[in-house]
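Working notes for the structure below.
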Amino acid sequence: MRIRTTTEADIPRVAELERAAFAQDALPLVALVQYLALAQELFVVVEGAAGLLAYGAAAIAADARTGWLLSAAVAPEARGQGVGGALTRELVARLQARGVVEVLATVAPHNTASRRMLSAAGLTVQAELPDYFGPGEHRLLMRWTSEGVSTQDDTAGVVCPTPARSAQGE
Ligand SMILES: CC(C)(COP(=O)(O)OP(=O)(O)OC[C@H]1O[C@@H](n2cnc3c(N)ncnc32)[C@H](O)[C@@H]1OP(=O)(O)O)[C@@H](O)C(=O)NCCC(=O)NCCS
């Protein structure tokens, strides 16, 4: 398994991974092309022996202080083997190397795999964001800060309705 920066040639496969993860809520190819143009080295893919297994995208806000983990998807057959965790830690390391003082991500409350993946990369739940992505689209805000952990994940029991851009199989 090798993690490397995404190239334009990878985008069609990245779009496949995105569709396999999010179905009708998948980001369109045009958005992925634009993510890559903006994110550059903060857009990574994971290569396995048979091709690309996963992708993840991050970005740095215009204030240059805040990094965002924007999206991640692992091929269904490659999940549960540490791929998502490895790519998330790599993205967090790339953000930290660029000097951000915090890393943020939003996650659907029911998405246990994603929450554990983010926790393992050092992020903790900071807040509930009701209707963040529209009516019923609740999210949790997770955060890593260079000042250290300030809040425990005390929202593990939060139950919210299933969000629209929900990951398949979660
Ligand atoms: C979320 C996702 C990226 C995780 O990738 P992955 O390669 O399966 O994750 P890993 O194998 O590295 O496991 C990460 C953590 O989640 C846990 N986990 C994995 N699959 C799980 C599942 N189905 N249920 C509960 N926990 C799970 C692992 O045990 C691990 O936790 P740990 O570090 O405490 O042991 C992947 O499941 C996926 O692509 N899902 C669909 C898209 C999505 O939800 N993307 C994230 C939101 S944008």
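Chains: A, B, ... in order of the structure tokens. Residues: from 1 per chain. Ligands: from 1, in order shown.
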
Surroundings of ligand 1 up to 6 Å, based on only C-alpha atoms and all ligand atoms, as a list in words: Ala21, Ser71, Ala72, Ala73, Val74, Arg79, Gly80, Gln81, Gly82, Val83, Gly84, Gly85, Thr112, Ala113, Ser114, Arg116, Met117, Ala120, Ala167 and Gln168 of chain A

Prev. selection, N, CA and C atoms, output as an mmCIF file, in the first residue's frame:
data_model
loop_
_atom_site.group_PDB
_atom_site.id
_atom_site.type_symbol
_atom_site.label_atom_id
_atom_site.label_comp_id
_atom_site.auth_asym_id
_atom_site.auth_seq_id
_atom_site.Cartn_x
_atom_site.Cartn_y
_atom_site.Cartn_z
ATOM 1 N N ALA A 21 -18.955 4.926 -2.633
ATOM 2 C CA ALA A 21 -19.133 5.279 -1.224
ATOM 3 C C ALA A 21 -20.418 6.057 -0.978
ATOM 4 N N SER A 71 -13.074 15.017 2.468
ATOM 5 C CA SER A 71 -13.750 13.787 2.075
ATOM 6 C C SER A 71 -12.750 12.637 2.039
ATOM 7 N N ALA A 72 -13.279 11.444 2.230
ATOM 8 C CA ALA A 72 -12.443 10.240 2.115
ATOM 9 C C ALA A 72 -13.343 9.088 1.720
ATOM 10 N N ALA A 73 -12.831 8.220 0.882
ATOM 11 C CA ALA A 73 -13.586 7.029 0.499
ATOM 12 C C ALA A 73 -12.612 5.891 0.226
ATOM 13 N N VAL A 74 -12.929 4.747 0.790
ATOM 14 C CA VAL A 74 -12.147 3.529 0.575
ATOM 15 C C VAL A 74 -13.022 2.564 -0.231
ATOM 16 N N ARG A 79 -12.174 -2.001 2.808
ATOM 17 C CA ARG A 79 -12.466 -1.349 4.091
ATOM 18 C C ARG A 79 -12.121 -2.260 5.267
ATOM 19 N N GLY A 80 -11.932 -1.633 6.408
ATOM 20 C CA GLY A 80 -11.681 -2.383 7.634
ATOM 21 C C GLY A 80 -10.285 -2.974 7.719
ATOM 22 N N GLN A 81 -9.367 -2.474 6.887
ATOM 23 C CA GLN A 81 -7.996 -3.003 6.882
ATOM 24 C C GLN A 81 -6.965 -1.905 7.159
ATOM 25 N N GLY A 82 -7.437 -0.777 7.653
ATOM 26 C CA GLY A 82 -6.512 0.282 8.021
ATOM 27 C C GLY A 82 -6.196 1.282 6.925
ATOM 28 N N VAL A 83 -6.826 1.130 5.759
ATOM 29 C CA VAL A 83 -6.521 2.037 4.639
ATOM 30 C C VAL A 83 -6.985 3.461 4.952
ATOM 31 N N GLY A 84 -8.230 3.583 5.399
ATOM 32 C CA GLY A 84 -8.770 4.906 5.714
ATOM 33 C C GLY A 84 -7.979 5.573 6.826
ATOM 34 N N GLY A 85 -7.606 4.795 7.825
ATOM 35 C CA GLY A 85 -6.822 5.357 8.919
ATOM 36 C C GLY A 85 -5.480 5.881 8.431
ATOM 37 N N THR A 112 -19.776 5.345 12.302
ATOM 38 C CA THR A 112 -18.828 4.884 13.322
ATOM 39 C C THR A 112 -17.420 4.724 12.769
ATOM 40 N N ALA A 113 -17.299 4.138 11.576
ATOM 41 C CA ALA A 113 -15.970 3.906 11.007
ATOM 42 C C ALA A 113 -15.238 5.229 10.807
ATOM 43 N N SER A 114 -15.960 6.226 10.278
ATOM 44 C CA SER A 114 -15.328 7.515 10.035
ATOM 45 C C SER A 114 -14.969 8.205 11.350
ATOM 46 N N ARG A 116 -14.241 6.777 14.198
ATOM 47 C CA ARG A 116 -13.076 6.106 14.792
ATOM 48 C C ARG A 116 -11.813 6.435 14.019
ATOM 49 N N MET A 117 -11.944 6.531 12.701
ATOM 50 C CA MET A 117 -10.805 6.880 11.852
ATOM 51 C C MET A 117 -10.275 8.274 12.218
ATOM 52 N N ALA A 120 -8.628 8.254 15.686
ATOM 53 C CA ALA A 120 -7.294 7.662 15.654
ATOM 54 C C ALA A 120 -6.264 8.640 15.089
ATOM 55 N N ALA A 167 -22.813 7.571 3.852
ATOM 56 C CA ALA A 167 -21.967 6.589 3.196
ATOM 57 C C ALA A 167 -22.724 5.286 3.048
ATOM 58 N N GLN A 168 -22.529 4.608 1.940
ATOM 59 C CA GLN A 168 -23.158 3.311 1.742
ATOM 60 C C GLN A 168 -22.560 2.300 2.683
#

Contacts of stretch 60-65 of chain A within 9 Å, only C-alpha atoms, excl. fewer than 6 positions in-chain, as a PyMOL selection string: chain A and resi 39+42+95+98-103

Close residues, A:Leu129 itself excluded, 12 Å, only C-alpha atoms, min 5 positions apart in chain, as a list in words: Ala105, Thr106, Val107, Ala108, Pro109, Gly134, Pro135, Gly136, Glu137, His138, Arg139, Leu140, Leu141, Met142, Thr155, Val158 and Cys160 of chain A

Residues just named, written with C-alpha atoms as a PDB file, in the first residue's frame:
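Saved result, again-v1.pdb, follows:
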ATOM      1  CA  ALA A 105     -13.809  17.600   9.908  1.00  0.00           C
ATOM      2  CA  THR A 106     -17.518  17.003   9.947  1.00  0.00           C
ATOM      3  CA  VAL A 107     -18.907  13.509  10.254  1.00  0.00           C
ATOM      4  CA  ALA A 108     -22.368  11.996  10.265  1.00  0.00           C
ATOM      5  CA  PRO A 109     -23.177  10.927  13.827  1.00  0.00           C
ATOM      6  CA  GLY A 134     -29.556  21.084   5.168  1.00  0.00           C
ATOM      7  CA  PRO A 135     -32.703  19.927   6.972  1.00  0.00           C
ATOM      8  CA  GLY A 136     -32.027  16.692   8.803  1.00  0.00           C
ATOM      9  CA  GLU A 137     -28.387  16.643   7.686  1.00  0.00           C
ATOM     10  CA  HIS A 138     -26.838  16.687  11.141  1.00  0.00           C
ATOM     11  CA  ARG A 139     -23.099  16.483  11.606  1.00  0.00           C
ATOM     12  CA  LEU A 140     -20.570  16.354  14.394  1.00  0.00           C
ATOM     13  CA  LEU A 141     -17.633  18.754  14.231  1.00  0.00           C
ATOM     14  CA  MET A 142     -14.347  17.013  15.040  1.00  0.00           C
ATOM     15  CA  THR A 155     -21.481  12.823  22.129  1.00  0.00           C
ATOM     16  CA  VAL A 158     -26.032  11.201  19.940  1.00  0.00           C
ATOM     17  CA  CYS A 160     -29.687  11.750  14.625  1.00  0.00           C
TER      18      CYS A 160
END

Test item: residues at most 6 Å from stretch 44-48 of chain A, only C-alpha atoms, excluding those fewer than 2 positions along its chain, as an MDAnalysis selection string: chainID A and resid 1:6 50:56

Would you write out those residues with N, CA and C atoms, as an mmCIF file, in the first residue's frame?
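Written out: again_22.cif:
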data_model
loop_
_atom_site.group_PDB
_atom_site.id
_atom_site.type_symbol
_atom_site.label_atom_id
_atom_site.label_comp_id
_atom_site.auth_asym_id
_atom_site.auth_seq_id
_atom_site.Cartn_x
_atom_site.Cartn_y
_atom_site.Cartn_z
ATOM 1 N N MET A 1 0.852 -1.204 0.000
ATOM 2 C CA MET A 1 0.000 0.000 0.000
ATOM 3 C C MET A 1 0.884 1.248 0.000
ATOM 4 N N ARG A 2 0.586 2.162 -0.922
ATOM 5 C CA ARG A 2 1.398 3.383 -1.012
ATOM 6 C C ARG A 2 0.467 4.586 -1.103
ATOM 7 N N ILE A 3 0.762 5.608 -0.339
ATOM 8 C CA ILE A 3 -0.038 6.834 -0.384
ATOM 9 C C ILE A 3 0.752 7.865 -1.176
ATOM 10 N N ARG A 4 0.100 8.459 -2.159
ATOM 11 C CA ARG A 4 0.779 9.483 -2.960
ATOM 12 C C ARG A 4 -0.217 10.578 -3.338
ATOM 13 N N THR A 5 0.337 11.672 -3.812
ATOM 14 C CA THR A 5 -0.490 12.776 -4.278
ATOM 15 C C THR A 5 -1.261 12.366 -5.540
ATOM 16 N N THR A 6 -2.490 12.791 -5.625
ATOM 17 C CA THR A 6 -3.352 12.488 -6.769
ATOM 18 C C THR A 6 -2.893 13.261 -8.005
ATOM 19 N N ALA A 50 -3.514 -3.882 -7.088
ATOM 20 C CA ALA A 50 -4.421 -3.926 -8.237
ATOM 21 C C ALA A 50 -4.969 -2.564 -8.648
ATOM 22 N N GLY A 51 -4.461 -1.507 -8.062
ATOM 23 C CA GLY A 51 -4.944 -0.183 -8.441
ATOM 24 C C GLY A 51 -5.278 0.673 -7.226
ATOM 25 N N LEU A 52 -6.027 1.740 -7.472
ATOM 26 C CA LEU A 52 -6.318 2.682 -6.394
ATOM 27 C C LEU A 52 -7.391 2.131 -5.460
ATOM 28 N N LEU A 53 -7.085 2.150 -4.167
ATOM 29 C CA LEU A 53 -7.980 1.613 -3.142
ATOM 30 C C LEU A 53 -8.804 2.695 -2.459
ATOM 31 N N ALA A 54 -8.310 3.920 -2.499
ATOM 32 C CA ALA A 54 -8.945 4.960 -1.690
ATOM 33 C C ALA A 54 -8.443 6.330 -2.117
ATOM 34 N N TYR A 55 -9.223 7.323 -1.721
ATOM 35 C CA TYR A 55 -8.732 8.691 -1.876
ATOM 36 C C TYR A 55 -9.159 9.499 -0.665
ATOM 37 N N GLY A 56 -8.463 10.604 -0.450
ATOM 38 C CA GLY A 56 -8.841 11.539 0.598
ATOM 39 C C GLY A 56 -8.431 12.935 0.197
#

Counting only C-alpha atoms, the option among A:Gly122, A:Pro130, A:Pro12, A:Pro76 closest to A:Val33: A:Pro12

Nearest-residue call for A:Val30, choices A:Ile11, A:Glu128, A:Glu16, A:Phe43, using only C-alpha atoms: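 Under the stated criterion, the closest residue is A:Ile11.
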
Backbone-only DSSP, helix (DSSP H, G or I) members of chain A, as a PyMOL selection string: chain A and resi 8-25+29-42+76-78+83-97+112-120

Suppose we keep C-alpha atoms; can you now write the selection as a JSON list (two decimals), in the first residue's frame?
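Saved to again23.json:
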[["chain", "number", "residue", "atom", "x", "y", "z"],
["A", 8, "GLU", "CA", -5.44, 14.34, -13.04],
["A", 9, "ALA", "CA", -5.17, 10.84, -14.52],
["A", 10, "ASP", "CA", -6.45, 9.39, -11.23],
["A", 11, "ILE", "CA", -9.65, 11.42, -11.21],
["A", 12, "PRO", "CA", -11.91, 8.96, -13.12],
["A", 13, "ARG", "CA", -11.02, 6.19, -10.60],
["A", 14, "VAL", "CA", -11.45, 8.65, -7.73],
["A", 15, "ALA", "CA", -14.94, 9.42, -9.08],
["A", 16, "GLU", "CA", -15.68, 5.66, -9.07],
["A", 17, "LEU", "CA", -14.56, 5.39, -5.45],
["A", 18, "GLU", "CA", -16.72, 8.38, -4.61],
["A", 19, "ARG", "CA", -19.79, 6.85, -6.29],
["A", 20, "ALA", "CA", -19.23, 3.50, -4.58],
["A", 21, "ALA", "CA", -19.13, 5.28, -1.22],
["A", 22, "PHE", "CA", -21.87, 7.87, -1.62],
["A", 23, "ALA", "CA", -24.09, 6.72, -4.55],
["A", 24, "GLN", "CA", -26.46, 9.53, -5.58],
["A", 25, "ASP", "CA", -24.79, 11.92, -3.17],
["A", 29, "LEU", "CA", -16.22, 14.59, -11.43],
["A", 30, "VAL", "CA", -16.11, 18.33, -12.02],
["A", 31, "ALA", "CA", -15.96, 18.99, -8.28],
["A", 32, "LEU", "CA", -13.17, 16.44, -7.85],
["A", 33, "VAL", "CA", -11.16, 18.14, -10.61],
["A", 34, "GLN", "CA", -11.62, 21.44, -8.82],
["A", 35, "TYR", "CA", -10.70, 19.91, -5.42],
["A", 36, "LEU", "CA", -7.45, 18.68, -6.98],
["A", 37, "ALA", "CA", -6.65, 22.06, -8.53],
["A", 38, "LEU", "CA", -7.10, 23.74, -5.13],
["A", 39, "ALA", "CA", -5.84, 21.06, -2.76],
["A", 40, "GLN", "CA", -2.80, 19.84, -4.75],
["A", 41, "GLU", "CA", -0.64, 17.76, -2.34],
["A", 42, "LEU", "CA", -3.54, 17.69, 0.10],
["A", 76, "PRO", "CA", -15.82, -1.34, -0.32],
["A", 77, "GLU", "CA", -13.65, -4.44, -0.65],
["A", 78, "ALA", "CA", -10.69, -2.70, 1.01],
["A", 83, "VAL", "CA", -6.52, 2.04, 4.64],
["A", 84, "GLY", "CA", -8.77, 4.91, 5.71],
["A", 85, "GLY", "CA", -6.82, 5.36, 8.92],
["A", 86, "ALA", "CA", -3.51, 5.52, 7.06],
["A", 87, "LEU", "CA", -4.72, 8.07, 4.52],
["A", 88, "THR", "CA", -6.30, 10.23, 7.23],
["A", 89, "ARG", "CA", -3.11, 10.26, 9.30],
["A", 90, "GLU", "CA", -1.17, 11.18, 6.14],
["A", 91, "LEU", "CA", -3.53, 14.07, 5.37],
["A", 92, "VAL", "CA", -3.36, 15.34, 8.95],
["A", 93, "ALA", "CA", 0.45, 15.15, 8.82],
["A", 94, "ARG", "CA", 0.49, 17.06, 5.51],
["A", 95, "LEU", "CA", -1.78, 19.73, 7.01],
["A", 96, "GLN", "CA", 0.36, 20.00, 10.14],
["A", 97, "ALA", "CA", 3.52, 20.26, 8.03],
["A", 112, "THR", "CA", -18.83, 4.88, 13.32],
["A", 113, "ALA", "CA", -15.97, 3.91, 11.01],
["A", 114, "SER", "CA", -15.33, 7.51, 10.03],
["A", 115, "ARG", "CA", -15.56, 8.74, 13.62],
["A", 116, "ARG", "CA", -13.08, 6.11, 14.79],
["A", 117, "MET", "CA", -10.80, 6.88, 11.85],
["A", 118, "LEU", "CA", -10.78, 10.58, 12.77],
["A", 119, "SER", "CA", -10.30, 9.83, 16.47],
["A", 120, "ALA", "CA", -7.29, 7.66, 15.65]]

Option closest in space to A:Thr66, from A:Ala49, A:Ala121, A:Leu104, A:Ala127 [counting only C-alpha atoms]: A:Leu104

Separation of atom CA of A:Trp144 from atom CA of A:Asn111 in Å: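 That distance, rounded to one decimal, is 18.5 Å.
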
Straight-line distance linking atom CA of A:Leu69 with atom CA of A:Leu27, stated in Å to one decimal: 14.9 Å
